[in-house]
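Report on the structure given below.
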Amino acid sequence: MSRQLTDAIDALRNLGTPEAIRAAAEQGQLAPPAPVNSHIHLPPNFSAFETVQQAVSLAADQGLKVLGASNYYDYQVYADFAAETGRAGIFPLFGLEIMCLDPELREAGLRINDPGNPGKIYLCGKGITRFHPMTAEAVRLLDRIRHNDGTRMAAMVDRLEQVLAERGLATGLDPQAVADGIVRRHGCDPATVWLQERHVSRAFQEALFGQLPPESRLERLAQALGTAPSTADPEDAVAIQNDIRSHLMKAGRPAFVEETFVGFEHARRLILELGGLPSYPVIADAAQPICDLEERPERLMAELDRRQIHAVEWIPVRNRQEVLGDYVRTLRQAGRPVTAGTEHNTLDLIPLEPQAKDAAVPEDVQAIFWEGACVVAAHQFLNLHGECGFVDAQGRPNPDFASAEQRIETFAKWGAAVIYRYQHAPRPH
């Protein structure tokens, strides 16, 4: 796999020199705006996709020209991702997602971008390039996250099994059995599997369905959940998975295990060590009421300035078109490139082109999302050549530009030239 990861990185590095890309941009050799998705999760992360090939094939069928992966805690799958996007002519963006915590905000009861957990922060990294090989510091930072998360998820599996056994529905599952199921399902290396809550709830749902006949399933599941299931369909696996999480695994429920997050600077430092552009995923009206630090675009901007976060991302299907447009335009005018994705971190195979909750994404907002993807493409490319990207190694904006607007416009043009060069390169078989 290490050879494949090296090949994946080299394929993008070998598109040309930065000087050649800049010249191509000046000559107008730019990929035209097209549908783009900068954030999906690929298996073995919990995902709507069974394979990387399925994700890329669907993206190609739906007309996407850029596709970004944002996996948790292991990036070996990016070798397959780069190979599949190469065959399809879809430009790959490599990214990651991290959960972290601000203790002061938790103490104050302030919500950031997790409506149910004050102080908890989701943070994304866009355009990472040093995931193979990693620096010693990146390995240290990532190992701490993996240890914390892995310890918690193992304890949660054990506690959930204990709760179900006490309620007369022992499954025999343990952490290794859950992980083994993921390996069988996706044919992946066991070393790449890091359990998420959705993995666990799916494993227990499947085990319960296997031992409970449909005619008595809802009644017995009510016994397991401590309340009636949310569905009247005994075959509705997704609803029962959600019920297991909601009634047994969330805070205050019997199988909950306290989360042990790294601090915000730990997460930000990891993204920078991997060569990425730190990016804040906005949820806005996906939370009701809107989270404290996102209640107005202006307050969010002040928080991003304080934390030195110079890019933002959206999952538009969470948001009403009006709110999405208002925030995206404001954030872009304030000098932040904006990307968008769909996550696909449930089993629902929704369209890959981002859509708002209640309508299509407005054309001017689509243009901003395309621009943001081009900025990330340029950042990714320049880092591969050892040059300063959109931000430097400390997360400071590239100093070669007189303004944020000039920086975004120039990087977007360079990124469009990178994507153009990629689209016109010979395709691997």
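Every chain in the structure tokens has a letter given in the order shown (A, B, ...), and although residue numbers restart at 1 in each chain, ligands are simply numbered from 1 in the order shown.
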Would you list, as number ranges by chain, the residues of segment 158-348 of chain A that end up in alpha helix (DSSP H) under DSSP run on this structure's backbone? A: 158-166, 175-186, 197-211, 214-225, 237-244, 264-273, 297-307, 321-333
Residue neighbourhood Gln196 of chain A, 8 Å, only C-alpha atoms, exclusion window fewer than 4 positions, as an MDAnalysis selection string: chainID A and resid 45:46 153 200
Selection file, C-alpha atoms, as a PDB file, in the first residue's frame:
ATOM      1  CA  ASN A  45     -14.951   5.049   7.582  1.00  0.00           C
ATOM      2  CA  PHE A  46     -18.689   4.678   8.022  1.00  0.00           C
ATOM      3  CA  MET A 153     -15.046   3.051  21.226  1.00  0.00           C
ATOM      4  CA  VAL A 200     -21.014   0.030  16.369  1.00  0.00           C
TER       5      VAL A 200
END
Closest atom pairs, segment 52-78 of chain A residues within 9 Å of segment 343-363 of chain A, only C-alpha atoms, as CSV:
residue,atom,partner,partner_atom,distance
A:Ala55,CA,A:Leu352,CA,8.9
A:Leu58,CA,A:Leu352,CA,7.7
A:Ala59,CA,A:Leu352,CA,6.3
A:Gln62,CA,A:Leu352,CA,7.2
A:Gly63,CA,A:Glu353,CA,8.5
A:Leu64,CA,A:Glu353,CA,7.2
A:Ala69,CA,A:Glu343,CA,8.6
A:Ser70,CA,A:Glu343,CA,8.1
Would you export the selected residues with N, CA and C atoms as a PDB file, in the first residue's frame, please?
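Result written to selection-v1.pdb:
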ATOM      1  N   ALA A  55     -18.070   4.951  -5.096  1.00  0.00           N
ATOM      2  CA  ALA A  55     -18.153   6.395  -4.877  1.00  0.00           C
ATOM      3  C   ALA A  55     -17.709   7.162  -6.116  1.00  0.00           C
ATOM      4  N   LEU A  58     -20.141   6.712  -9.158  1.00  0.00           N
ATOM      5  CA  LEU A  58     -21.342   7.542  -9.014  1.00  0.00           C
ATOM      6  C   LEU A  58     -21.016   9.009  -9.277  1.00  0.00           C
ATOM      7  N   ALA A  59     -19.862   9.465  -8.803  1.00  0.00           N
ATOM      8  CA  ALA A  59     -19.465  10.851  -9.052  1.00  0.00           C
ATOM      9  C   ALA A  59     -19.321  11.115 -10.549  1.00  0.00           C
ATOM     10  N   GLN A  62     -22.652  11.309 -12.255  1.00  0.00           N
ATOM     11  CA  GLN A  62     -23.393  12.519 -11.897  1.00  0.00           C
ATOM     12  C   GLN A  62     -22.687  13.797 -12.342  1.00  0.00           C
ATOM     13  N   GLY A  63     -21.607  13.654 -13.114  1.00  0.00           N
ATOM     14  CA  GLY A  63     -20.979  14.807 -13.738  1.00  0.00           C
ATOM     15  C   GLY A  63     -20.017  15.590 -12.881  1.00  0.00           C
ATOM     16  N   LEU A  64     -19.564  15.040 -11.740  1.00  0.00           N
ATOM     17  CA  LEU A  64     -18.612  15.771 -10.909  1.00  0.00           C
ATOM     18  C   LEU A  64     -17.227  15.761 -11.550  1.00  0.00           C
ATOM     19  N   ALA A  69     -12.092  13.625  -0.439  1.00  0.00           N
ATOM     20  CA  ALA A  69     -12.310  12.695   0.673  1.00  0.00           C
ATOM     21  C   ALA A  69     -11.818  13.337   1.962  1.00  0.00           C
ATOM     22  N   SER A  70     -12.548  13.117   3.055  1.00  0.00           N
ATOM     23  CA  SER A  70     -12.222  13.738   4.354  1.00  0.00           C
ATOM     24  C   SER A  70     -12.316  12.709   5.466  1.00  0.00           C
TER      25      SER A  70
END
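When only C-alpha atoms are used to compute distances to Leu195 of chain A, the closest of the residues A:Ala170, A:Met156, A:Leu101, A:Ala31 turns out to be A:Met156.
Nearest to Ser2 of chain A of all the residues A:Gly372, A:Pro133, A:Gly395, A:Gly226 is A:Pro133, counting only C-alpha atoms.
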Give me, as an NGL selection string, all polymer residues having an atom no more than 12 Å from segment 298-302 of chain A, counting only C-alpha atoms and skipping those fewer than 3 positions away in the same chain. :A and (111-113 or 280-284 or 290-295 or 305-312 or 326-336)
What does the file look like for those residues with C-alpha atoms, as a PDB file, in the first residue's frame?
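Result file selection-v6.pdb:
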ATOM      1  CA  ARG A 111     -21.868  25.447  21.429  1.00  0.00           C
ATOM      2  CA  ILE A 112     -19.617  25.749  18.379  1.00  0.00           C
ATOM      3  CA  ASN A 113     -20.502  23.327  15.562  1.00  0.00           C
ATOM      4  CA  TYR A 280     -14.102  25.117   9.752  1.00  0.00           C
ATOM      5  CA  PRO A 281     -17.293  23.160   8.884  1.00  0.00           C
ATOM      6  CA  VAL A 282     -20.282  25.446   9.458  1.00  0.00           C
ATOM      7  CA  ILE A 283     -23.619  23.932  10.493  1.00  0.00           C
ATOM      8  CA  ALA A 284     -25.677  27.154  10.996  1.00  0.00           C
ATOM      9  CA  ILE A 290     -28.210  27.983  15.786  1.00  0.00           C
ATOM     10  CA  CYS A 291     -25.059  27.280  17.814  1.00  0.00           C
ATOM     11  CA  ASP A 292     -23.849  30.176  19.956  1.00  0.00           C
ATOM     12  CA  LEU A 293     -20.686  30.932  17.991  1.00  0.00           C
ATOM     13  CA  GLU A 294     -22.486  30.671  14.634  1.00  0.00           C
ATOM     14  CA  GLU A 295     -25.605  32.681  15.463  1.00  0.00           C
ATOM     15  CA  ASP A 305     -10.061  35.143  13.134  1.00  0.00           C
ATOM     16  CA  ARG A 306      -9.262  34.347  16.758  1.00  0.00           C
ATOM     17  CA  ARG A 307      -8.444  30.741  15.909  1.00  0.00           C
ATOM     18  CA  GLN A 308      -6.537  31.543  12.682  1.00  0.00           C
ATOM     19  CA  ILE A 309      -8.853  29.503  10.486  1.00  0.00           C
ATOM     20  CA  HIS A 310      -8.803  30.857   6.945  1.00  0.00           C
ATOM     21  CA  ALA A 311     -11.268  28.566   5.126  1.00  0.00           C
ATOM     22  CA  VAL A 312     -14.766  27.223   5.745  1.00  0.00           C
ATOM     23  CA  ASP A 326     -26.508  34.502   3.375  1.00  0.00           C
ATOM     24  CA  TYR A 327     -23.673  32.884   5.310  1.00  0.00           C
ATOM     25  CA  VAL A 328     -21.667  31.699   2.285  1.00  0.00           C
ATOM     26  CA  ARG A 329     -21.738  35.110   0.598  1.00  0.00           C
ATOM     27  CA  THR A 330     -20.806  36.886   3.824  1.00  0.00           C
ATOM     28  CA  LEU A 331     -17.928  34.538   4.612  1.00  0.00           C
ATOM     29  CA  ARG A 332     -16.592  34.747   1.065  1.00  0.00           C
ATOM     30  CA  GLN A 333     -16.782  38.548   1.031  1.00  0.00           C
ATOM     31  CA  ALA A 334     -14.851  38.512   4.307  1.00  0.00           C
ATOM     32  CA  GLY A 335     -11.940  36.709   2.635  1.00  0.00           C
ATOM     33  CA  ARG A 336     -12.548  33.009   3.263  1.00  0.00           C
TER      34      ARG A 336
END
Nearest residue to Ile315 of chain A out of A:Arg217, A:His199, A:Arg140, A:His39, using only C-alpha atoms? A:His39
Using only C-alpha atoms, which residue out of A:Pro234, A:Gly341, A:Gly325, A:Gly150 lies closest to Val193 of chain A? A:Gly150
Please, which residues of segment 55-91 of chain A, numbered as in this document, come out strand (DSSP E) from DSSP, as a ChimeraX atom specification? /A:66-71,91
Output N, CA and C atoms for every residue in that selection, as a PDB file, in the first residue's frame.
ATOM      1  N   VAL A  66     -14.524  17.311  -9.593  1.00  0.00           N
ATOM      2  CA  VAL A  66     -13.623  17.325  -8.445  1.00  0.00           C
ATOM      3  C   VAL A  66     -14.329  16.597  -7.304  1.00  0.00           C
ATOM      4  N   LEU A  67     -13.580  15.730  -6.613  1.00  0.00           N
ATOM      5  CA  LEU A  67     -14.154  14.979  -5.498  1.00  0.00           C
ATOM      6  C   LEU A  67     -13.130  14.945  -4.372  1.00  0.00           C
ATOM      7  N   GLY A  68     -13.569  15.309  -3.174  1.00  0.00           N
ATOM      8  CA  GLY A  68     -12.667  15.349  -2.032  1.00  0.00           C
ATOM      9  C   GLY A  68     -13.057  14.350  -0.963  1.00  0.00           C
ATOM     10  N   ALA A  69     -12.092  13.625  -0.439  1.00  0.00           N
ATOM     11  CA  ALA A  69     -12.310  12.695   0.673  1.00  0.00           C
ATOM     12  C   ALA A  69     -11.818  13.337   1.962  1.00  0.00           C
ATOM     13  N   SER A  70     -12.548  13.117   3.055  1.00  0.00           N
ATOM     14  CA  SER A  70     -12.222  13.738   4.354  1.00  0.00           C
ATOM     15  C   SER A  70     -12.316  12.709   5.466  1.00  0.00           C
ATOM     16  N   ASN A  71     -11.514  11.657   5.377  1.00  0.00           N
ATOM     17  CA  ASN A  71     -11.643  10.545   6.305  1.00  0.00           C
ATOM     18  C   ASN A  71     -11.079  10.849   7.687  1.00  0.00           C
ATOM     19  N   PHE A  91     -10.688  15.086 -10.488  1.00  0.00           N
ATOM     20  CA  PHE A  91      -9.551  15.548  -9.701  1.00  0.00           C
ATOM     21  C   PHE A  91      -9.766  15.209  -8.227  1.00  0.00           C
TER      22      PHE A  91
END
Write out as number ranges by chain the residues lying within 12 Å of Arg198 of chain A, counting only C-alpha atoms and excluding same-chain residues fewer than 3 positions away. A: 44-48, 153, 156-157, 178, 182, 194-195, 201-205, 238-246, 249-250, 345-347
